[in-house]
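S.K.: You'll find protein-v8.cif just under this line, and it carries mmCIF, C-alpha atoms.
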```
data_run
#
loop_
_atom_site.group_PDB
_atom_site.id
_atom_site.type_symbol
_atom_site.label_atom_id
_atom_site.label_comp_id
_atom_site.auth_asym_id
_atom_site.auth_seq_id
_atom_site.Cartn_x
_atom_site.Cartn_y
_atom_site.Cartn_z
ATOM 1 C CA MET A 1 -253.672 150.036 -52.104
ATOM 2 C CA LYS A 2 -251.138 147.549 -50.812
ATOM 3 C CA GLU A 3 -251.347 145.652 -54.099
ATOM 4 C CA ALA A 4 -250.834 148.899 -56.028
ATOM 5 C CA LEU A 5 -247.760 149.534 -53.871
ATOM 6 C CA ARG A 6 -246.442 146.081 -54.832
ATOM 7 C CA GLU A 7 -246.776 147.110 -58.464
ATOM 8 C CA ALA A 8 -244.976 150.389 -57.720
ATOM 9 C CA GLU A 9 -242.105 148.432 -56.151
ATOM 10 C CA ALA A 10 -241.935 146.295 -59.307
ATOM 11 C CA ALA A 11 -241.634 149.476 -61.365
ATOM 12 C CA ARG A 12 -238.846 150.756 -59.134
ATOM 13 C CA SER A 13 -236.938 147.480 -59.426
ATOM 14 C CA GLU A 14 -237.079 147.914 -63.218
ATOM 15 C CA GLY A 15 -235.790 151.496 -63.053
ATOM 16 C CA GLU A 16 -239.211 152.974 -63.778
ATOM 17 C CA VAL A 17 -240.891 155.759 -61.836
ATOM 18 C CA PRO A 18 -242.507 153.761 -59.009
ATOM 19 C CA ILE A 19 -246.207 154.093 -59.630
ATOM 20 C CA GLY A 20 -248.510 151.096 -59.463
ATOM 21 C CA ALA A 21 -252.186 150.439 -60.091
ATOM 22 C CA VAL A 22 -254.743 147.684 -59.723
ATOM 23 C CA VAL A 23 -258.361 147.433 -60.841
ATOM 24 C CA VAL A 24 -260.760 145.577 -58.568
ATOM 25 C CA ALA A 25 -264.174 144.142 -59.456
ATOM 26 C CA LYS A 26 -266.311 142.354 -56.877
ATOM 27 C CA GLY A 27 -263.368 142.062 -54.491
ATOM 28 C CA ARG A 28 -261.055 140.519 -57.085
ATOM 29 C CA ILE A 29 -258.115 142.112 -58.874
ATOM 30 C CA ILE A 30 -258.813 142.005 -62.598
ATOM 31 C CA GLY A 31 -256.037 144.288 -63.806
ATOM 32 C CA ARG A 32 -252.543 145.201 -62.641
ATOM 33 C CA GLY A 33 -249.991 147.619 -63.942
ATOM 34 C CA HIS A 34 -246.939 149.653 -63.169
ATOM 35 C CA ASN A 35 -245.083 152.284 -65.124
ATOM 36 C CA MET A 36 -243.365 150.783 -68.156
ATOM 37 C CA THR A 37 -242.528 153.899 -70.161
ATOM 38 C CA GLU A 38 -238.780 153.224 -70.211
ATOM 39 C CA ARG A 39 -238.985 149.520 -70.996
ATOM 40 C CA LEU A 40 -241.552 149.955 -73.753
ATOM 41 C CA HIS A 41 -240.220 153.316 -75.009
ATOM 42 C CA ASP A 42 -243.824 154.465 -74.782
ATOM 43 C CA PRO A 43 -244.830 157.685 -73.024
ATOM 44 C CA THR A 44 -248.374 156.346 -72.627
ATOM 45 C CA ALA A 45 -247.338 153.202 -70.727
ATOM 46 C CA HIS A 46 -248.423 154.541 -67.337
ATOM 47 C CA ALA A 47 -249.493 152.207 -64.535
ATOM 48 C CA GLU A 48 -253.150 153.167 -64.926
ATOM 49 C CA MET A 49 -253.139 152.537 -68.680
ATOM 50 C CA ILE A 50 -251.571 149.085 -68.267
ATOM 51 C CA ALA A 51 -254.047 148.140 -65.507
ATOM 52 C CA LEU A 52 -256.974 149.564 -67.481
ATOM 53 C CA THR A 53 -256.113 147.494 -70.552
ATOM 54 C CA ALA A 54 -255.806 144.318 -68.471
ATOM 55 C CA ALA A 55 -259.107 145.029 -66.697
ATOM 56 C CA THR A 56 -261.120 145.683 -69.851
ATOM 57 C CA GLU A 57 -259.723 142.492 -71.341
ATOM 58 C CA ALA A 58 -260.733 140.554 -68.210
ATOM 59 C CA MET A 59 -264.219 142.095 -68.271
ATOM 60 C CA GLY A 60 -264.658 141.519 -71.977
ATOM 61 C CA GLY A 61 -265.743 145.104 -72.560
ATOM 62 C CA LYS A 62 -264.576 148.683 -72.406
ATOM 63 C CA TYR A 63 -266.665 149.903 -69.465
ATOM 64 C CA LEU A 64 -265.579 149.499 -65.853
ATOM 65 C CA SER A 65 -268.426 151.245 -64.055
ATOM 66 C CA ASP A 66 -268.566 148.585 -61.326
ATOM 67 C CA CYS A 67 -264.808 148.666 -60.740
ATOM 68 C CA THR A 68 -262.394 150.520 -58.503
ATOM 69 C CA LEU A 69 -258.943 151.631 -59.606
ATOM 70 C CA TYR A 70 -256.339 151.861 -56.845
ATOM 71 C CA VAL A 71 -253.271 153.866 -57.870
ATOM 72 C CA THR A 72 -250.362 155.067 -55.775
ATOM 73 C CA VAL A 73 -250.212 158.576 -57.270
ATOM 74 C CA GLU A 74 -252.935 160.865 -58.597
ATOM 75 C CA PRO A 75 -253.553 160.130 -62.294
ATOM 76 C CA CYS A 76 -252.232 162.532 -64.918
ATOM 77 C CA PRO A 77 -254.656 164.166 -67.377
ATOM 78 C CA MET A 78 -254.023 161.470 -70.019
ATOM 79 C CA CYS A 79 -254.859 158.673 -67.596
ATOM 80 C CA ALA A 80 -257.834 160.565 -66.153
ATOM 81 C CA ALA A 81 -259.295 160.950 -69.643
ATOM 82 C CA ALA A 82 -258.805 157.228 -70.355
ATOM 83 C CA LEU A 83 -260.467 156.397 -67.027
ATOM 84 C CA CYS A 84 -263.345 158.638 -68.075
ATOM 85 C CA TRP A 85 -263.773 156.796 -71.367
ATOM 86 C CA ALA A 86 -263.775 153.502 -69.446
ATOM 87 C CA GLN A 87 -266.346 154.973 -67.029
ATOM 88 C CA VAL A 88 -264.430 153.668 -63.999
ATOM 89 C CA GLY A 89 -266.812 153.715 -61.045
ATOM 90 C CA ARG A 90 -264.322 154.688 -58.366
ATOM 91 C CA ILE A 91 -260.732 155.889 -58.196
ATOM 92 C CA VAL A 92 -258.681 155.620 -55.019
ATOM 93 C CA TYR A 93 -255.268 157.242 -55.062
ATOM 94 C CA GLY A 94 -252.477 157.718 -52.587
ATOM 95 C CA ALA A 95 -250.244 160.735 -53.098
ATOM 96 C CA SER A 96 -251.397 163.875 -54.860
ATOM 97 C CA ASP A 97 -249.315 165.061 -57.806
ATOM 98 C CA PRO A 98 -249.119 168.859 -57.541
ATOM 99 C CA LYS A 99 -247.111 169.146 -60.783
ATOM 100 C CA ARG A 100 -248.869 166.753 -63.168
ATOM 101 C CA GLY A 101 -252.037 165.473 -61.499
ATOM 102 C CA TYR A 102 -255.325 165.749 -63.355
ATOM 103 C CA SER A 103 -256.941 167.842 -60.607
ATOM 104 C CA LEU A 104 -254.442 170.641 -61.247
ATOM 105 C CA TYR A 105 -255.507 170.876 -64.876
ATOM 106 C CA SER A 106 -259.105 169.839 -64.997
ATOM 107 C CA PRO A 107 -261.006 167.857 -62.378
ATOM 108 C CA SER A 108 -263.782 167.476 -64.956
ATOM 109 C CA LEU A 109 -261.642 165.046 -66.965
ATOM 110 C CA LEU A 110 -263.194 162.180 -65.020
ATOM 111 C CA HIS A 111 -266.591 160.709 -65.787
ATOM 112 C CA PRO A 112 -269.284 162.608 -63.852
ATOM 113 C CA LYS A 113 -270.350 159.453 -61.988
ATOM 114 C CA THR A 114 -266.817 158.468 -60.941
ATOM 115 C CA GLU A 115 -266.222 158.680 -57.200
ATOM 116 C CA VAL A 116 -262.757 159.700 -55.994
ATOM 117 C CA ALA A 117 -261.001 159.018 -52.698
ATOM 118 C CA ALA A 118 -257.622 160.708 -52.277
ATOM 119 C CA GLY A 119 -254.830 160.491 -49.746
ATOM 120 C CA ILE A 120 -255.018 156.765 -48.993
ATOM 121 C CA MET A 121 -251.576 155.779 -47.665
ATOM 122 C CA ALA A 122 -250.389 159.105 -49.111
ATOM 123 C CA ASP A 123 -247.123 159.266 -47.170
ATOM 124 C CA THR A 124 -246.057 155.757 -48.145
ATOM 125 C CA CYS A 125 -246.990 156.312 -51.790
ATOM 126 C CA GLY A 126 -245.418 159.768 -51.983
ATOM 127 C CA ASN A 127 -242.197 158.741 -50.232
ATOM 128 C CA LEU A 128 -241.690 155.912 -52.698
ATOM 129 C CA VAL A 129 -241.616 158.379 -55.599
ATOM 130 C CA ALA A 130 -239.632 161.022 -53.702
ATOM 131 C CA ASP A 131 -236.983 158.484 -52.677
ATOM 132 C CA PHE A 132 -236.726 157.215 -56.255
ATOM 133 C CA PHE A 133 -235.913 160.679 -57.552
ATOM 134 C CA LYS A 134 -233.473 161.363 -54.671
ATOM 135 C CA GLU A 135 -231.582 158.215 -55.682
ATOM 136 C CA LYS A 136 -231.548 159.323 -59.321
ATOM 137 C CA ARG A 137 -229.934 162.671 -58.459
#
```
Can you present the structure in this file as structure tokens?

M.R.:
Amino acid sequence: MKEALREAEAARSEGEVPIGAVVVAKGRIIGRGHNMTERLHDPTAHAEMIALTAATEAMGGKYLSDCTLYVTVEPCPMCAAALCWAQVGRIVYGASDPKRGYSLYSPSLLHPKTEVAAGIMADTCGNLVADFFKEKR
């Protein structure tokens, strides 16, 4: 999660919503990402999507069943569906997203075999986003 937080800090330094993600396989980071929606003018350029693309490229295939995604904030429904298609084995997230998180809409968006661990470093992850929006206002 600390590496995902580093990615979130990179997003914040670029003026993006500070969310970061990393994909780990066999103890090694194979994909990294942070929000890039503003820079790329792309509403789909979420941290998870960037990390997912890098990880599938590194693995040489579209399935990540032996991988863990660490992300600072609960994935949105779009990202959850993409993680389902990639069959990510485990998702670990920090802060819940009560407004846009996938669990609010449909917990079944994830692949049935995907394990989820929530609340890891939740305060640190959540405060990063909350502080970002306080500064914006």

S.K.: Between CA of Met36 in chain A and CA of Asp123 in chain A, measure the distance and give it in Å to one decimal.

M.R.: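 Atom-to-atom, CA of Met36 in chain A and CA of Asp123 in chain A are spaced 22.9 Å apart.
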
S.K.: Looking at A:Leu128, A:Ala55, A:Leu83, A:Val71, which one is nearest to Met1 in chain A, with distances taken over all atoms listed in the file?

M.R.: A:Val71

S.K.: For each of A:Leu109, A:Ala4, A:Leu104, A:Ala45, take the minimum atom-to-atom distance to Met121 in chain A, counting only C-alpha atoms, then give the residue where this is smallest.

M.R.: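 That would be A:Ala4, the residue with the smallest distance to Met121 in chain A.
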
S.K.: Give me the residues near Gly15 in chain A as number ranges by chain, where near means some atom within 12 Å (using only C-alpha atoms) and where sequence neighbours in that chain fewer than 2 positions away do not count.

M.R.: A: 8-13, 17-19, 34-39, 129, 132-133, 135-136

S.K.: Select, from A:Leu110, A:Ala86, A:Thr68, A:Cys125, the residue with the minimum atom-to-atom distance to Ile30 in chain A, counting all atoms listed in the file.

M.R.: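 Smallest separation from Ile30 in chain A among the options: A:Thr68.
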
S.K.: Go ahead and compute the interatomic distance for CA of Gly119 in chain A and CA of Lys62 in chain A, in Å to one decimal.

M.R.: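 According to the coordinates, CA of Gly119 in chain A and CA of Lys62 in chain A are separated by 27.3 Å.
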
S.K.: Taking only C-alpha atoms into account, which of A:Leu52, A:Ala122, A:Ala80, A:Ala117 comes nearest Ala95 in chain A?

M.R.: A:Ala122

S.K.: I need the residue nearest Gly20 in chain A from this list: A:Met59, A:Ala81, A:Val92, A:Leu64. Use all atoms listed in the file for the distance.

M.R.: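 Checking each of A:Met59, A:Ala81, A:Val92, A:Leu64 against Gly20 in chain A, counting all atoms listed in the file, the winner is A:Val92.
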
S.K.: Take the PyMOL selection byres ((chain A and resi 106) around 12), run it mentally on this structure, and tell me the resulting residues as a VMD selection string.

M.R.: chain A and resid 75 to 78 80 to 81 100 to 105 107 to 111

S.K.: Please provide the set of residues having any atom within 7 Å of Ile91 in chain A, restricted to all atoms listed in the file, with same-chain residues fewer than 2 positions apart removed, written as a list of chain:residue names.

M.R.: A:Thr68, A:Leu69, A:Tyr70, A:Tyr93, A:Glu115, A:Val116, A:Ala117

S.K.: When distances are computed from only C-alpha atoms, which of A:Pro112, A:Glu16, A:Glu57, A:Glu7 shows the smallest separation from Gly33 in chain A?

M.R.: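 That would be A:Glu7, the residue with the smallest distance to Gly33 in chain A.
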
S.K.: For CA of Thr124 in chain A and CA of Trp85 in chain A, determine how far apart the two atoms are, in Å to one decimal place.

M.R.: 29.2 Å

S.K.: Once 3 Å is added on each side, what are the centre and the three edge lengths, in Å to one decimal, of the axis-aligned box enclosing the listed atoms of range 95-104 of chain A? Present them as JSON.

M.R.:
```
{"center_x": -252.0, "center_y": 165.7, "center_z": -58.2, "size_x": 15.8, "size_y": 15.9, "size_z": 16.3}
```

S.K.: Please list as a VMD selection string every residue within 12 Å of Ala58 in chain A, counting all atoms listed in the file and excluding residues in the same chain fewer than 2 positions away.

M.R.: chain A and resid 23 to 25 28 to 32 51 to 56 60 to 64 67
